[in-house]
Amino acid sequence: MGLLDRVKQNQTVPPGAAGNGPATATLPGANTYTPQAAIPVAQPAATAPPAASLSQRAGASAGEVTPAFTAAKVQIHAKLIEKYADEIDSSNKAGVREKILELAEEYFRSTAMTMTKNDKERLVDSVLDDVLGLGPLEALLADPNITEIMANHPKQIYVEKSGEPILSSVTFESERQMRQVIDRIVSLVGRRVDESTPICDARLKDGSRVNVVIPPIALKGPALTIRKFAKEKWGPADIVNRFKSSSPEIMTFLRSCVRARLNILVSGGTGSGKTTLLNILSSFIPENERLITCEDAAEHWIQLESRPPNVEGKGAVPIRELVKSCLRMRPDRIIVGECRGGEALDMLQAMNTGHDGSMSTLHANNPKECLVRLETLVLQAGQDLPSRAIRETIGSAIHLIVQQSRLRGGIRRIVSVAEVMGIKDGEVQFQELFLFKQVGVNSEGKAVGYHTATGILPSRMEHLRAEGEDVAEQLFAPQRQPSPDKLY
């Protein structure tokens, strides 16, 4: 699911509510939320009914794959293609399963092979996944506790659970099977991967991001990484109360900044939660505004996606071209999925020319490095601009930097909220308004600490109030270090 869908579902301003007065909005599944109130406690996710098929498949996938099992699977798969190639309907999963079950029974009778009921179910599911799904990855994708799948090569697959990588017992039967799964994934978005283009970024139907690397670049065989999108819709209350990624004060302030149309840059490392935070910040955008997103693989109103060149080396559409194009589509705001190159210059110019309230993400370790890297990316646009001109553009275009980090033990926190103050003595200046103070590590090996304000008032308080956002000064009062049992 992309940002467009998430914005629509998590929209916090009722339809037709124009204007930016001190609005009252309701978070999905939570209590009433006002700028003066803390984020309400998130409602626990509804417990899903026992899904025996999913859990059994996940466990069965870890079962022993004997030569006889593999041989039976190959023969049944071949018979299915031979007899029903023109009748297989990918939308009729139950019908395809019946055909596989019929062929399996026929195979067992002809070979006098015996197999337990559980193994038969596992065999049918395995063939079905190969025909209509992503083979052995289907069980991993169905597991809600898995957030990332990392196949280093066909016989070694790691998964991430609770922020920690774990070696999975699930493997591909062969490199050929893994290549078939990879080809199925990239073909869904009209891309290709072969020896001439051995690296490819793609996405699954639910928006999960996929990265593929194959030989000769990958020395041990194809490598596949899938970053899953959570099926559950997370909102501001979730990252405050469930995951402790933010404090109520930070989220209240960020909500006011989004509604007051400040330009925000979400900075962080790989897997730190930048896209999740961007989704949540985007849910604060009023529903009556026109929003256009530009990205490499559409994760996130109009969605534009970049495209690599074709086999002839033509037809490439980089993100920079998307940014230029969307400026002609009368957007109120622009969201660039991630700044990686020269598109940073076009994004900054858009922010400075009437598209206030735009947002983007960028890879950096802290706000200072974020500004340095943004300047480097602008230089990649090839416009040969002087350093001072670039810094002045950054200083006037970017209003807020939200730093997201993945700390020890896999926990994700907003570790800094910095306000860009403009340029002074040739350098872009900023001041930290909120930060996360890590004070130690708990018995589980996870970082613990607390969020606090720095005591500095934002320089744009008058702007926030002029836009109807009544931000209380008490939000910026520093917090004392809480007792050990209240650290998170």
# chains A, B, ... in the order shown; residues from 1 in each chain; ligands from 1
>>> select_by_dssp(residues="segment 54-289 of chain A", states="alpha helix (DSSP H)", output="PyMOL selection string")
chain A and resi 54-60+67-84+93-111+117-132+137-142+175-187+236-237+248-259+274-282
>>> residues_around(residues="Ile166 of chain A", least_positions_apart="4", cutoff="10 Å", atoms="only C-alpha atoms", output="PyMOL selection string")
chain A and resi 146+149-150+157-162
>>> residues_around(residues="Arg340 of chain A", least_positions_apart="2", cutoff="8 Å", atoms="only C-alpha atoms", output="ChimeraX atom specification")
/A:338,342-344,362,377
>>> write_last_selection(atoms="C-alpha atoms", output="mmCIF file, in the first residue's frame")
data_model
loop_
_atom_site.group_PDB
_atom_site.id
_atom_site.type_symbol
_atom_site.label_atom_id
_atom_site.label_comp_id
_atom_site.auth_asym_id
_atom_site.auth_seq_id
_atom_site.Cartn_x
_atom_site.Cartn_y
_atom_site.Cartn_z
ATOM 1 C CA GLU A 338 13.872 10.093 -1.273
ATOM 2 C CA GLY A 342 20.220 16.131 -8.646
ATOM 3 C CA GLU A 343 16.481 16.096 -7.942
ATOM 4 C CA ALA A 344 17.387 17.775 -4.612
ATOM 5 C CA LEU A 362 17.288 11.776 2.952
ATOM 6 C CA LEU A 377 23.228 16.252 -3.779
#
>>> closest_residue(among="A:His463, A:Lys446, A:Lys437, A:Arg406", to="Lys274 of chain A", atoms="only C-alpha atoms")
A:Arg406
>>> residues_around(residues="Ile285 of chain A", least_positions_apart="2", cutoff="7 Å", atoms="only C-alpha atoms", output="list in words")
Val258, Arg259, Ser282, Ser283 and Glu287 of chain A
>>> closest_residue(among="A:Leu371, A:Val74, A:Ile100, A:Ala139", to="Ser174 of chain A", atoms="only C-alpha atoms")
A:Val74
>>> atom_distance(atom1="atom CA of Ser245 of chain A", atom2="atom CA of Arg412 of chain A")
5.9 Å
>>> residues_around(residues="Ala202 of chain A", least_positions_apart="4", cutoff="7 Å", atoms="only C-alpha atoms", output="PyMOL selection string")
chain A and resi 186+189+209-211+297
>>> write_last_selection(atoms="N, CA and C atoms", output="mmCIF file, in the first residue's frame")
data_model
loop_
_atom_site.group_PDB
_atom_site.id
_atom_site.type_symbol
_atom_site.label_atom_id
_atom_site.label_comp_id
_atom_site.auth_asym_id
_atom_site.auth_seq_id
_atom_site.Cartn_x
_atom_site.Cartn_y
_atom_site.Cartn_z
ATOM 1 N N VAL A 186 9.888 -8.647 -10.611
ATOM 2 C CA VAL A 186 10.272 -7.475 -11.402
ATOM 3 C C VAL A 186 9.351 -7.282 -12.605
ATOM 4 N N VAL A 189 6.231 -4.883 -12.290
ATOM 5 C CA VAL A 189 6.363 -3.427 -12.439
ATOM 6 C C VAL A 189 7.029 -3.075 -13.765
ATOM 7 N N ARG A 209 8.922 -2.865 -0.643
ATOM 8 C CA ARG A 209 10.061 -2.557 -1.506
ATOM 9 C C ARG A 209 10.949 -3.781 -1.720
ATOM 10 N N VAL A 210 11.441 -3.925 -2.933
ATOM 11 C CA VAL A 210 12.261 -5.085 -3.293
ATOM 12 C C VAL A 210 13.545 -4.614 -3.943
ATOM 13 N N ASN A 211 14.665 -5.214 -3.534
ATOM 14 C CA ASN A 211 15.944 -4.985 -4.200
ATOM 15 C C ASN A 211 16.514 -6.328 -4.635
ATOM 16 N N ALA A 297 10.486 3.595 -6.257
ATOM 17 C CA ALA A 297 9.514 2.514 -6.274
ATOM 18 C C ALA A 297 8.338 2.996 -5.453
#
>>> residues_around(residues="segment 94-97 of chain A", least_positions_apart="5", cutoff="9 Å", atoms="only C-alpha atoms", output="VMD selection string")
chain A and resid 87 to 89 102 124 to 125 127 to 128 131 to 132
>>> write_last_selection(atoms="N, CA and C atoms", output="mmCIF file, in the first residue's frame")
data_model
loop_
_atom_site.group_PDB
_atom_site.id
_atom_site.type_symbol
_atom_site.label_atom_id
_atom_site.label_comp_id
_atom_site.auth_asym_id
_atom_site.auth_seq_id
_atom_site.Cartn_x
_atom_site.Cartn_y
_atom_site.Cartn_z
ATOM 1 N N GLU A 87 -5.808 -23.020 -18.867
ATOM 2 C CA GLU A 87 -6.972 -22.891 -17.993
ATOM 3 C C GLU A 87 -6.638 -22.263 -16.641
ATOM 4 N N ILE A 88 -5.351 -22.061 -16.372
ATOM 5 C CA ILE A 88 -4.951 -21.516 -15.068
ATOM 6 C C ILE A 88 -5.359 -20.055 -14.974
ATOM 7 N N ASP A 89 -6.184 -19.763 -14.001
ATOM 8 C CA ASP A 89 -6.657 -18.387 -13.764
ATOM 9 C C ASP A 89 -6.079 -17.914 -12.430
ATOM 10 N N GLU A 102 -5.929 -32.692 -7.390
ATOM 11 C CA GLU A 102 -6.318 -33.812 -8.264
ATOM 12 C C GLU A 102 -5.085 -34.472 -8.880
ATOM 13 N N VAL A 124 0.925 -29.544 -1.804
ATOM 14 C CA VAL A 124 -0.036 -28.788 -2.612
ATOM 15 C C VAL A 124 0.198 -27.289 -2.460
ATOM 16 N N ASP A 125 0.413 -26.837 -1.213
ATOM 17 C CA ASP A 125 0.668 -25.410 -0.978
ATOM 18 C C ASP A 125 1.948 -24.948 -1.663
ATOM 19 N N VAL A 127 3.370 -26.213 -4.410
ATOM 20 C CA VAL A 127 3.148 -26.109 -5.857
ATOM 21 C C VAL A 127 2.302 -24.874 -6.172
ATOM 22 N N LEU A 128 1.272 -24.634 -5.350
ATOM 23 C CA LEU A 128 0.404 -23.474 -5.559
ATOM 24 C C LEU A 128 1.202 -22.171 -5.448
ATOM 25 N N VAL A 131 3.223 -21.657 -8.548
ATOM 26 C CA VAL A 131 2.436 -21.340 -9.738
ATOM 27 C C VAL A 131 1.872 -19.918 -9.680
ATOM 28 N N LEU A 132 1.320 -19.537 -8.527
ATOM 29 C CA LEU A 132 0.624 -18.255 -8.421
ATOM 30 C C LEU A 132 1.328 -17.232 -7.539
#
>>> closest_residue(among="A:Pro222, A:Gly235, A:Glu82, A:Val181", to="Glu195 of chain A", atoms="only C-alpha atoms")
A:Pro222
